[in-house]
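S.K.: Structure: data-v2.cif, mmCIF, C-alpha atoms.
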data_run
#
loop_
_atom_site.label_atom_id
_atom_site.label_comp_id
_atom_site.auth_asym_id
_atom_site.auth_seq_id
_atom_site.Cartn_x
_atom_site.Cartn_y
_atom_site.Cartn_z
CA MET L 3 -3.41 -11.44 -25.63
CA GLN L 4 -2.32 -11.74 -29.19
CA THR L 5 -0.65 -14.76 -30.77
CA ILE L 6 2.38 -14.07 -32.83
CA ARG L 7 2.76 -16.05 -36.00
CA ILE L 8 6.18 -16.76 -37.25
CA GLY L 9 6.51 -16.98 -41.02
CA VAL L 10 6.44 -20.76 -41.13
CA LYS L 11 3.74 -22.18 -43.32
CA LEU L 12 3.05 -25.88 -43.04
CA HIS L 13 2.71 -27.54 -46.41
CA THR L 14 0.91 -30.74 -47.06
CA PRO L 15 2.95 -33.21 -49.13
CA THR L 16 2.43 -32.97 -52.88
CA PHE L 17 1.14 -36.52 -53.19
CA MET L 18 -1.81 -35.58 -51.03
CA HIS L 19 -2.95 -32.89 -53.42
CA GLN L 20 -5.35 -34.05 -56.02
CA ARG L 21 -3.90 -33.45 -59.40
CA ARG L 22 -5.71 -33.92 -62.66
CA LEU L 23 -4.20 -36.15 -65.29
CA ARG L 24 -3.31 -34.33 -68.47
CA ILE L 25 -3.29 -35.56 -72.06
CA GLY L 26 0.45 -36.32 -71.86
CA ASP L 27 -0.13 -38.51 -68.81
CA PHE L 28 -2.76 -40.49 -70.68
CA LEU L 29 -0.47 -40.88 -73.70
CA ILE L 30 2.37 -42.19 -71.54
CA LEU L 31 0.04 -44.59 -69.74
CA LEU L 32 -1.50 -45.80 -73.00
CA SER L 33 1.87 -46.30 -74.73
CA SER L 34 3.23 -48.19 -71.70
CA LEU L 35 0.23 -50.53 -71.68
CA LEU L 36 0.58 -51.04 -75.44
CA ILE L 37 4.26 -51.95 -75.15
CA ILE L 38 3.57 -54.35 -72.28
CA GLY L 39 0.75 -55.94 -74.29
CA ILE L 40 2.92 -56.42 -77.38
CA MET L 41 5.76 -57.94 -75.34
CA THR L 42 3.37 -60.28 -73.56
CA TYR L 43 1.87 -61.38 -76.88
CA GLN L 44 5.31 -62.09 -78.34
CA VAL L 45 6.47 -64.11 -75.36
CA TYR L 46 3.35 -66.14 -74.60
CA VAL L 47 1.56 -66.43 -77.94
CA ILE L 48 4.25 -66.32 -80.59
CA GLY L 49 7.10 -67.54 -78.41
CA PHE L 50 10.79 -67.26 -79.03
CA THR L 51 12.32 -69.93 -81.20
CA PRO L 52 16.01 -69.60 -81.88
CA ALA L 53 17.29 -70.67 -85.25
CA ALA L 54 17.90 -74.41 -85.39
CA THR L 55 21.35 -75.68 -86.27
CA VAL L 56 22.57 -79.05 -87.48
CA ARG L 57 25.61 -80.45 -85.72
CA ILE L 58 27.50 -83.12 -87.66
CA GLU L 59 30.25 -85.04 -85.91
CA SER L 60 32.67 -87.31 -87.70
CA CYS L 61 36.26 -88.44 -87.34
CA ASN L 62 37.29 -85.17 -89.03
CA GLY L 63 35.65 -82.96 -86.39
CA THR L 64 32.38 -81.24 -85.53
CA PHE L 65 30.60 -79.00 -88.04
CA LEU L 66 27.62 -76.68 -87.53
CA TYR L 67 25.16 -75.71 -90.27
CA THR L 68 21.90 -73.78 -90.25
CA LEU L 69 18.64 -75.43 -91.28
CA ASP L 70 17.72 -72.32 -93.27
CA GLU L 71 20.03 -73.06 -96.21
CA ASN L 72 19.58 -76.04 -98.52
CA ARG L 73 22.86 -77.84 -99.08
CA ASN L 74 24.49 -81.18 -99.86
CA LEU L 75 27.25 -82.10 -97.41
CA PRO L 76 29.78 -84.84 -98.06
CA VAL L 77 30.96 -86.04 -94.64
CA GLU L 78 34.07 -88.19 -94.64
CA GLY L 79 34.27 -91.17 -92.31
CA PRO L 80 36.51 -94.24 -91.97
CA LEU L 81 34.55 -96.19 -94.63
CA GLY L 82 34.13 -93.34 -97.12
CA ILE L 83 31.76 -90.45 -97.82
CA THR L 84 28.32 -90.12 -96.20
CA GLU L 85 26.08 -87.69 -98.11
CA VAL L 86 23.99 -85.51 -95.78
CA ILE L 87 21.28 -83.32 -97.33
CA ILE L 88 19.70 -80.28 -95.68
CA GLU L 89 16.56 -79.39 -97.61
CA ASP L 90 13.38 -77.50 -96.63
CA ARG L 91 14.55 -77.31 -92.96
CA LYS L 92 14.86 -81.12 -92.84
CA VAL L 93 17.96 -83.32 -92.75
CA HIS L 94 18.49 -86.79 -94.14
CA VAL L 95 21.26 -89.11 -95.28
CA SER L 96 21.06 -89.78 -99.02
CA SER L 97 23.95 -92.21 -99.39
CA SER L 98 26.38 -94.05 -97.18
CA PRO L 99 29.24 -96.50 -97.76
CA CYS L 100 28.04 -98.87 -95.03
CA ARG L 101 26.48 -102.24 -95.84
CA ASN L 102 23.02 -102.05 -94.20
CA GLN L 103 22.07 -98.48 -95.27
CA ILE L 104 20.02 -97.93 -92.08
CA ALA L 105 20.78 -94.19 -91.97
CA VAL L 106 19.61 -93.84 -95.59
CA ALA L 107 16.33 -95.62 -94.78
CA ALA L 108 15.68 -93.42 -91.71
CA ASP L 109 13.13 -90.59 -91.86
CA LYS L 110 14.09 -86.96 -92.28
CA ILE L 111 14.68 -85.07 -89.05
CA SER L 112 13.59 -81.48 -88.45
CA LYS L 113 13.07 -80.81 -84.72
CA SER L 114 15.50 -80.05 -81.96
CA GLY L 115 16.74 -83.19 -80.24
CA GLU L 116 16.17 -85.49 -83.22
CA TRP L 117 19.24 -87.30 -84.48
CA LEU L 118 20.60 -89.65 -87.12
CA ILE L 119 23.65 -91.84 -86.78
CA ASN L 120 25.69 -93.78 -89.28
CA LEU L 121 27.55 -95.93 -86.79
CA PRO L 122 29.78 -97.93 -89.18
CA ASN L 123 31.06 -94.73 -90.78
CA GLY L 124 31.22 -92.77 -87.49
CA VAL L 125 28.86 -89.94 -88.52
CA PHE L 126 26.48 -88.43 -85.96
CA ILE L 127 23.89 -85.79 -86.92
CA VAL L 128 21.76 -83.91 -84.38
CA ILE L 129 19.49 -80.85 -84.56
CA GLU L 130 20.02 -78.30 -81.81
CA GLY L 131 18.02 -75.20 -80.89
CA GLY L 132 14.63 -74.37 -82.38
CA GLU L 133 11.41 -76.01 -81.31
CA PRO L 134 11.97 -79.07 -79.10
CA TYR L 135 10.99 -82.52 -80.26
CA GLY L 136 7.59 -83.53 -78.86
CA ASN L 137 7.02 -80.05 -77.41
CA GLY L 138 9.38 -80.86 -74.54
CA GLU L 139 7.25 -83.72 -73.23
CA ILE L 140 8.94 -86.70 -71.65
CA ASP L 141 8.93 -89.76 -73.83
CA ASP L 142 7.41 -92.85 -72.22
CA LEU L 143 10.38 -94.84 -73.50
CA ALA L 144 12.77 -92.70 -71.45
CA PHE L 145 12.09 -94.87 -68.41
#
Translate the structure described by the file into structure tokens.
M.R.:
Amino acid sequence: MQTIRIGVKLHTPTFMHQRRLRIGDFLILLSSLLIIGIMTYQVYVIGFTPAATVRIESCNGTFLYTLDENRNLPVEGPLGITEVIIEDRKVHVSSSPCRNQIAVAADKISKSGEWLINLPNGVFIVIEGGEPYGNGEIDDLAF
């Protein structure tokens, strides 16, 4: 007795065949690993630091300035003009019409979260964005 074969050939799935990697496959794999390595380096080693801005609030409104440009800013308050200076990515008050001159005696600020206030003249200066003050650690005086 003879068996009759019908023209159906069973194929094994293509993923079961062993296929050799070609030069193009290696180039794609190598470039993918290189891109992943560069992105990982930028995120974890270099980090992403957005440009820091200086926010100045007074009775005349809120004003935003970048730390990248040196400038002298006269800020008007109820008592007169408070001179704010942005220089070398640091901010300080150079003159104020108030009596005690506490804001003038304060140190320069340069990190995100640091602030200066001239309370008698109603001028508030804060740095936003950029690298956080104290590397994001909680201050022991917060509690």
S.K.: Would you mind listing what lies within 6 Å of stretch 82-97 of chain L as an MDAnalysis selection string, with all atoms listed in the file counted and same-chain residues fewer than 2 positions away left out?
M.R.: chainID L and resid 69:70 72:80 99 106 110:112
S.K.: Quick one: apply the PyMOL selection byres ((chain L and resi 67) around 9) to the file and drop the selected residues here as a ChimeraX atom specification.
M.R.: /L:54-58,65-66,68-71,88
S.K.: Rounded to one decimal place, report the atom CA of L:Arg101-atom CA of L:Asn62 distance in Å.
M.R.: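 Distance reported for this atom pair: 21.3 Å.
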S.K.: Would you compute the distance between atom CA of L:Ala105 and atom CA of L:Val128? Give it in Å to one decimal.
M.R.: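 Pair atom CA of L:Ala105 / atom CA of L:Val128 returns 12.8 Å.
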S.K.: So which residues fall inside 9 Å of (23.4, -87.3, -85.5) if we count only C-alpha atoms? Mind giving them as a PDB file with C-alpha atoms, in the frame of the given file?
M.R.:
ATOM      1  CA  VAL L  56      22.570 -79.050 -87.480  1.00  0.00           C
ATOM      2  CA  ARG L  57      25.610 -80.450 -85.720  1.00  0.00           C
ATOM      3  CA  ILE L  58      27.500 -83.120 -87.660  1.00  0.00           C
ATOM      4  CA  GLU L  59      30.250 -85.040 -85.910  1.00  0.00           C
ATOM      5  CA  GLU L 116      16.170 -85.490 -83.220  1.00  0.00           C
ATOM      6  CA  TRP L 117      19.240 -87.300 -84.480  1.00  0.00           C
ATOM      7  CA  LEU L 118      20.600 -89.650 -87.120  1.00  0.00           C
ATOM      8  CA  ILE L 119      23.650 -91.840 -86.780  1.00  0.00           C
ATOM      9  CA  ASN L 120      25.690 -93.780 -89.280  1.00  0.00           C
ATOM     10  CA  VAL L 125      28.860 -89.940 -88.520  1.00  0.00           C
ATOM     11  CA  PHE L 126      26.480 -88.430 -85.960  1.00  0.00           C
ATOM     12  CA  ILE L 127      23.890 -85.790 -86.920  1.00  0.00           C
ATOM     13  CA  VAL L 128      21.760 -83.910 -84.380  1.00  0.00           C
ATOM     14  CA  ILE L 129      19.490 -80.850 -84.560  1.00  0.00           C
TER      15      ILE L 129
END
S.K.: Would you mind reading off the distance between atom CA of L:Tyr43 and atom CA of L:Arg24, one decimal, in Å?
M.R.: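 If I compute the distance from atom CA of L:Tyr43 to atom CA of L:Arg24, I get 28.8 Å.
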